[in-house]
Amino acid sequence: MMKSLKRNKLDRIAFFTILSLGCAACVTSSSTGSTIAQGRTWTSGDPDKAPKNVILLIGDGMGPEQVKAAGMYANGTPGTLPFEQFPHQGEIMTYSANNSVTDSAAGGTAIATGVKVNNGVISMAIPGDGQPLKTVLEKYQAAGKSTGLVTTTEMTHATPAAFAAHQEGRTQQAEIGQQYLNTTRPEVLFGGGGAGMSPKAAESAGYTVVTNRQQMQALDTETMTRVSGQFGRGHLPYESKGVGDLPHLREMAKTALNILDNDPDGLFLMIEGGRIDHAGHENHLQRNVMETLQFAETVAEVLKWAENNPDTLIIVTADHETGGLKVLKNNGQGQFPQVSWSSHNHTAANVGIYGWGPNSDRVSGTMENTDVFYLLLGQQYVTGD
């Protein structure tokens with residue numbers, strides 16, 4: 001069984017001790033001057049030696065109790081979601097450079113760049129020299145792979161932004177959208193419309209624009225090269241309310257993979273179940289469970305694709321936990337469990353990480369969220385547990 005994923009009192013004491021000692025347990029990047037968590041030491045690595053295909057799925061706000069509750073509802077038993085069957089599992093710590101409780105900007109940046117930053121920062125060296133931090137998506141672009149971002153939130157929301165934009169503040173969504181379309185230019189951008197994205201801007205940047213499920217599924221995925229899916233305005237609807245003519249996360253992921261897999265050099269794709277977090281902020285169990293289950297179905301869809309593409313690394317994790325959820329009683333399949341919530345905000349709880357495919361054996365024990373960056377690049381750790 002995987003260790004309990006609760007962050008205990010000693011973790012919090014250690015965090016604030018680190019801050020008070022000037023981050024004595026951290027190292028500083030010579031190129032950025034920014035703080036890098038010193039958990040495991042990784043080899044320098046080479047994206048060319050990584051798996052051909054790298055797929056990262058992030059359940060925003062999805063802590064261990066969210067996973068447990070969803071498994072109970074869906075199957076009557078915890079531990080039964082698709083990613084919980086992955087051969088390699090562990091947990092990650094989520095604190096940011098300036099807070100024991102991260103936000104999605106800092107959490108996403110840690111995963112995307114391997115660097116701890118302050119809450120609210122999108123892939124910039126803050127603290128540090130304020131320069132952009134190169135992301136795993138950008139590294140894989142440089143290695144010749146096609147790339148994509150898929151989310152159920154606004155396309156320019158904090159988590160996807162951390163992989164393909166650089167801003168001092170997460171609220172700079174117009175600038176984030178411009179960077180997507182004119183600077184980093186991932187081949188696939190699927191998410192909620194508005195908030196810095198518009199069909200006109202995307203078309204002007206050379207993207208084909210689709211705005212509903214029917215248009216997305218009508219795409220010729222064998223010839224399509226650059227697509228912006230702008231579905232509605234704002235976040236996509238909760239699964240429990242029905243998504244209408246907009247696509248489900250699993251459908252967006254399937255289409256994205258079918259577009260990106262035409263590249264003989266491989267792909268990097270980040271897929272976010274972003275509304276798990278929103279339901280956690282609301283302490284709304286039904287919405288939380290249904291969003292987590294759609295995320296789990298998306299993992300299953302990715303696994304199905306990977307069966308025909310064996311040189312594929314799949315990592316499933318979260319950026320943080322939201323709501324302080326605690327499952328109190330299993331009420332059986334088809335019934336929501338009895339739970340309690342301790343917060344309407346993010347918490348400092350550790351979250352799960354699950355690995356499948358080549359190099360996934362490097363998922364183990366308790367890891368820093370910054371370790372995920374190196375893991376995605378196919379690097380090996382040379383010190384640490």
# chains A, B, ... in the order shown; residues from 1 in each chain; ligands from 1
call {"tool": "residues_around", "arguments": {"residues": "Asn369 of chain A", "least_positions_apart": "6", "cutoff": "8 Å", "atoms": "only C-alpha atoms", "output": "PyMOL selection string"}}
result
chain A and resi 92-94+107+110-111+114+319
call {"tool": "write_last_selection", "arguments": {"atoms": "N, CA and C atoms", "output": "PDB file, in the first residue's frame"}}
result
ATOM      1  N   ILE A  92       4.105  13.583  -3.540  1.00  0.00           N
ATOM      2  CA  ILE A  92       4.938  14.767  -3.702  1.00  0.00           C
ATOM      3  C   ILE A  92       4.519  15.856  -2.724  1.00  0.00           C
ATOM      4  N   MET A  93       5.528  16.606  -2.277  1.00  0.00           N
ATOM      5  CA  MET A  93       5.307  17.775  -1.437  1.00  0.00           C
ATOM      6  C   MET A  93       5.053  18.975  -2.339  1.00  0.00           C
ATOM      7  N   THR A  94       4.211  19.884  -1.887  1.00  0.00           N
ATOM      8  CA  THR A  94       3.697  20.902  -2.802  1.00  0.00           C
ATOM      9  C   THR A  94       4.008  22.344  -2.412  1.00  0.00           C
ATOM     10  N   GLY A 107       2.667  25.956  -8.093  1.00  0.00           N
ATOM     11  CA  GLY A 107       2.664  24.502  -8.192  1.00  0.00           C
ATOM     12  C   GLY A 107       2.918  24.040  -9.617  1.00  0.00           C
ATOM     13  N   ALA A 110       6.622  24.733 -10.567  1.00  0.00           N
ATOM     14  CA  ALA A 110       7.557  23.756 -10.004  1.00  0.00           C
ATOM     15  C   ALA A 110       7.618  22.500 -10.870  1.00  0.00           C
ATOM     16  N   ILE A 111       6.456  22.024 -11.297  1.00  0.00           N
ATOM     17  CA  ILE A 111       6.393  20.830 -12.136  1.00  0.00           C
ATOM     18  C   ILE A 111       6.951  21.116 -13.525  1.00  0.00           C
ATOM     19  N   GLY A 114      11.038  22.764 -12.674  1.00  0.00           N
ATOM     20  CA  GLY A 114      11.957  22.239 -11.682  1.00  0.00           C
ATOM     21  C   GLY A 114      12.435  23.274 -10.694  1.00  0.00           C
ATOM     22  N   ASP A 319      -1.250  19.314  -8.435  1.00  0.00           N
ATOM     23  CA  ASP A 319      -0.418  20.453  -8.037  1.00  0.00           C
ATOM     24  C   ASP A 319      -0.563  20.762  -6.554  1.00  0.00           C
TER      25      ASP A 319
END
call {"tool": "closest_atom_pairs", "arguments": {"of": "segment 156-243 of chain A", "to": "segment 294-300 of chain A", "cutoff": "12 Å", "atoms": "only C-alpha atoms", "output": "CSV"}}
result
residue,atom,partner,partner_atom,distance
A:Tyr238,CA,A:Gln294,CA,10.1
A:Glu239,CA,A:Gln294,CA,7.6
A:Ser240,CA,A:Gln294,CA,10.1
A:Gly242,CA,A:Gln294,CA,11.8
A:Val243,CA,A:Gln294,CA,11.8
call {"tool": "select_by_dssp", "arguments": {"residues": "segment 176-207 of chain A", "states": "alpha helix (DSSP H)", "output": "list in words"}}
result
Ile176, Gly177, Gln178, Gln179, Pro199, Lys200, Ala201, Ala202, Glu203 and Ser204 of chain A
call {"tool": "atom_distance", "arguments": {"atom1": "atom CA of Asp311 of chain A", "atom2": "atom CA of Ser146 of chain A"}}
result
15.2 Å
call {"tool": "atom_distance", "arguments": {"atom1": "atom CA of Gly193 of chain A", "atom2": "atom CA of Ala306 of chain A"}}
result
28.8 Å
call {"tool": "residues_around", "arguments": {"residues": "Arg185 of chain A", "least_positions_apart": "5", "cutoff": "10 Å", "atoms": "only C-alpha atoms", "output": "PDB file with N, CA, C and O atoms, in the first residue's frame"}}
result
ATOM      1  N   GLU A 138       8.869  23.660 -23.489  1.00  0.00           N
ATOM      2  CA  GLU A 138       9.816  24.352 -24.355  1.00  0.00           C
ATOM      3  C   GLU A 138      11.042  23.502 -24.650  1.00  0.00           C
ATOM      4  O   GLU A 138      11.586  23.541 -25.766  1.00  0.00           O
ATOM      5  N   GLN A 141       9.966  21.046 -27.244  1.00  0.00           N
ATOM      6  CA  GLN A 141       9.873  21.718 -28.542  1.00  0.00           C
ATOM      7  C   GLN A 141      11.254  21.831 -29.185  1.00  0.00           C
ATOM      8  O   GLN A 141      11.429  21.568 -30.380  1.00  0.00           O
ATOM      9  N   THR A 147       3.837  19.567 -29.290  1.00  0.00           N
ATOM     10  CA  THR A 147       3.404  19.791 -27.912  1.00  0.00           C
ATOM     11  C   THR A 147       1.954  20.259 -27.858  1.00  0.00           C
ATOM     12  O   THR A 147       1.425  20.813 -28.820  1.00  0.00           O
ATOM     13  N   GLY A 148       1.334  20.042 -26.706  1.00  0.00           N
ATOM     14  CA  GLY A 148      -0.041  20.475 -26.542  1.00  0.00           C
ATOM     15  C   GLY A 148      -0.411  20.686 -25.092  1.00  0.00           C
ATOM     16  O   GLY A 148       0.219  20.138 -24.178  1.00  0.00           O
ATOM     17  N   ALA A 164       3.722  27.113 -20.817  1.00  0.00           N
ATOM     18  CA  ALA A 164       3.923  27.752 -22.116  1.00  0.00           C
ATOM     19  C   ALA A 164       3.870  29.275 -22.056  1.00  0.00           C
ATOM     20  O   ALA A 164       3.668  29.926 -23.076  1.00  0.00           O
ATOM     21  N   ALA A 165       4.065  29.850 -20.871  1.00  0.00           N
ATOM     22  CA  ALA A 165       4.075  31.305 -20.740  1.00  0.00           C
ATOM     23  C   ALA A 165       5.002  31.693 -19.593  1.00  0.00           C
ATOM     24  O   ALA A 165       5.416  30.853 -18.793  1.00  0.00           O
ATOM     25  N   GLN A 178      -1.280  35.813 -25.574  1.00  0.00           N
ATOM     26  CA  GLN A 178      -0.394  36.272 -26.643  1.00  0.00           C
ATOM     27  C   GLN A 178       0.863  35.424 -26.725  1.00  0.00           C
ATOM     28  O   GLN A 178       1.356  35.102 -27.820  1.00  0.00           O
ATOM     29  N   GLN A 179       1.392  35.045 -25.567  1.00  0.00           N
ATOM     30  CA  GLN A 179       2.592  34.210 -25.578  1.00  0.00           C
ATOM     31  C   GLN A 179       2.297  32.827 -26.148  1.00  0.00           C
ATOM     32  O   GLN A 179       3.116  32.262 -26.887  1.00  0.00           O
ATOM     33  N   TYR A 180       1.156  32.245 -25.795  1.00  0.00           N
ATOM     34  CA  TYR A 180       0.767  30.974 -26.409  1.00  0.00           C
ATOM     35  C   TYR A 180       0.803  31.060 -27.931  1.00  0.00           C
ATOM     36  O   TYR A 180       1.376  30.220 -28.617  1.00  0.00           O
ATOM     37  N   ALA A 205      -2.830  33.990 -35.884  1.00  0.00           N
ATOM     38  CA  ALA A 205      -1.556  33.351 -35.557  1.00  0.00           C
ATOM     39  C   ALA A 205      -1.374  32.023 -36.285  1.00  0.00           C
ATOM     40  O   ALA A 205      -0.387  31.318 -36.048  1.00  0.00           O
ATOM     41  N   GLY A 206      -2.320  31.672 -37.156  1.00  0.00           N
ATOM     42  CA  GLY A 206      -2.173  30.463 -37.950  1.00  0.00           C
ATOM     43  C   GLY A 206      -2.813  29.221 -37.376  1.00  0.00           C
ATOM     44  O   GLY A 206      -2.547  28.109 -37.856  1.00  0.00           O
ATOM     45  N   TYR A 207      -3.673  29.393 -36.381  1.00  0.00           N
ATOM     46  CA  TYR A 207      -4.368  28.258 -35.784  1.00  0.00           C
ATOM     47  C   TYR A 207      -5.733  28.057 -36.436  1.00  0.00           C
ATOM     48  O   TYR A 207      -6.429  29.032 -36.748  1.00  0.00           O
ATOM     49  N   ARG A 226      -2.057  22.697 -36.312  1.00  0.00           N
ATOM     50  CA  ARG A 226      -2.103  23.680 -35.217  1.00  0.00           C
ATOM     51  C   ARG A 226      -3.556  24.057 -34.964  1.00  0.00           C
ATOM     52  O   ARG A 226      -4.210  24.634 -35.833  1.00  0.00           O
TER      53      ARG A 226
END
call {"tool": "residues_around", "arguments": {"residues": "Glu175 of chain A", "least_positions_apart": "4", "cutoff": "10 Å", "atoms": "only C-alpha atoms", "output": "list of chain:residue names"}}
result
A:Thr156, A:Ala165, A:His166, A:Gln167, A:Arg170, A:Thr171, A:Gln179, A:Tyr180, A:Ala195, A:Gly196, A:Met197
call {"tool": "closest_atom_pairs", "arguments": {"of": "segment 80-191 of chain A", "to": "segment 269-288 of chain A", "cutoff": "9 Å", "atoms": "only C-alpha atoms", "output": "CSV"}}
result
residue,atom,partner,partner_atom,distance
A:Leu137,CA,A:Leu269,CA,8.1
A:Ser146,CA,A:Leu269,CA,8.4
A:Thr147,CA,A:Leu269,CA,5.6
A:Gly148,CA,A:Leu269,CA,4.8
A:Leu149,CA,A:Met270,CA,5.0
A:Val150,CA,A:Ile271,CA,4.7
A:Thr151,CA,A:Glu272,CA,4.6
A:Thr152,CA,A:Gly274,CA,5.4
A:Thr153,CA,A:Gly274,CA,5.4
A:Glu154,CA,A:Gly274,CA,9.0
A:Thr159,CA,A:Glu272,CA,7.6
A:Pro160,CA,A:Glu272,CA,7.5
A:Phe163,CA,A:Met270,CA,8.3
A:Val188,CA,A:Leu269,CA,8.8
call {"tool": "select_by_dssp", "arguments": {"residues": "segment 196-260 of chain A", "states": "strand (DSSP E or B)", "output": "ChimeraX atom specification"}}
result
/A:197,208-210,227-233
call {"tool": "closest_atom_pairs", "arguments": {"of": "segment 158-265 of chain A", "to": "segment 51-56 of chain A", "cutoff": "10 Å", "atoms": "only C-alpha atoms", "output": "CSV"}}
result
residue,atom,partner,partner_atom,distance
A:Leu257,CA,A:Ile55,CA,9.5
A:Leu260,CA,A:Asn53,CA,9.7
A:Asp261,CA,A:Asn53,CA,8.5
A:Pro264,CA,A:Lys52,CA,8.7
A:Asp265,CA,A:Lys52,CA,6.7
call {"tool": "residues_around", "arguments": {"residues": "Gly232 of chain A", "least_positions_apart": "2", "cutoff": "10 Å", "atoms": "only C-alpha atoms", "output": "PyMOL selection string"}}
result
chain A and resi 154+191-194+211-212+229-230+234-237+245-246
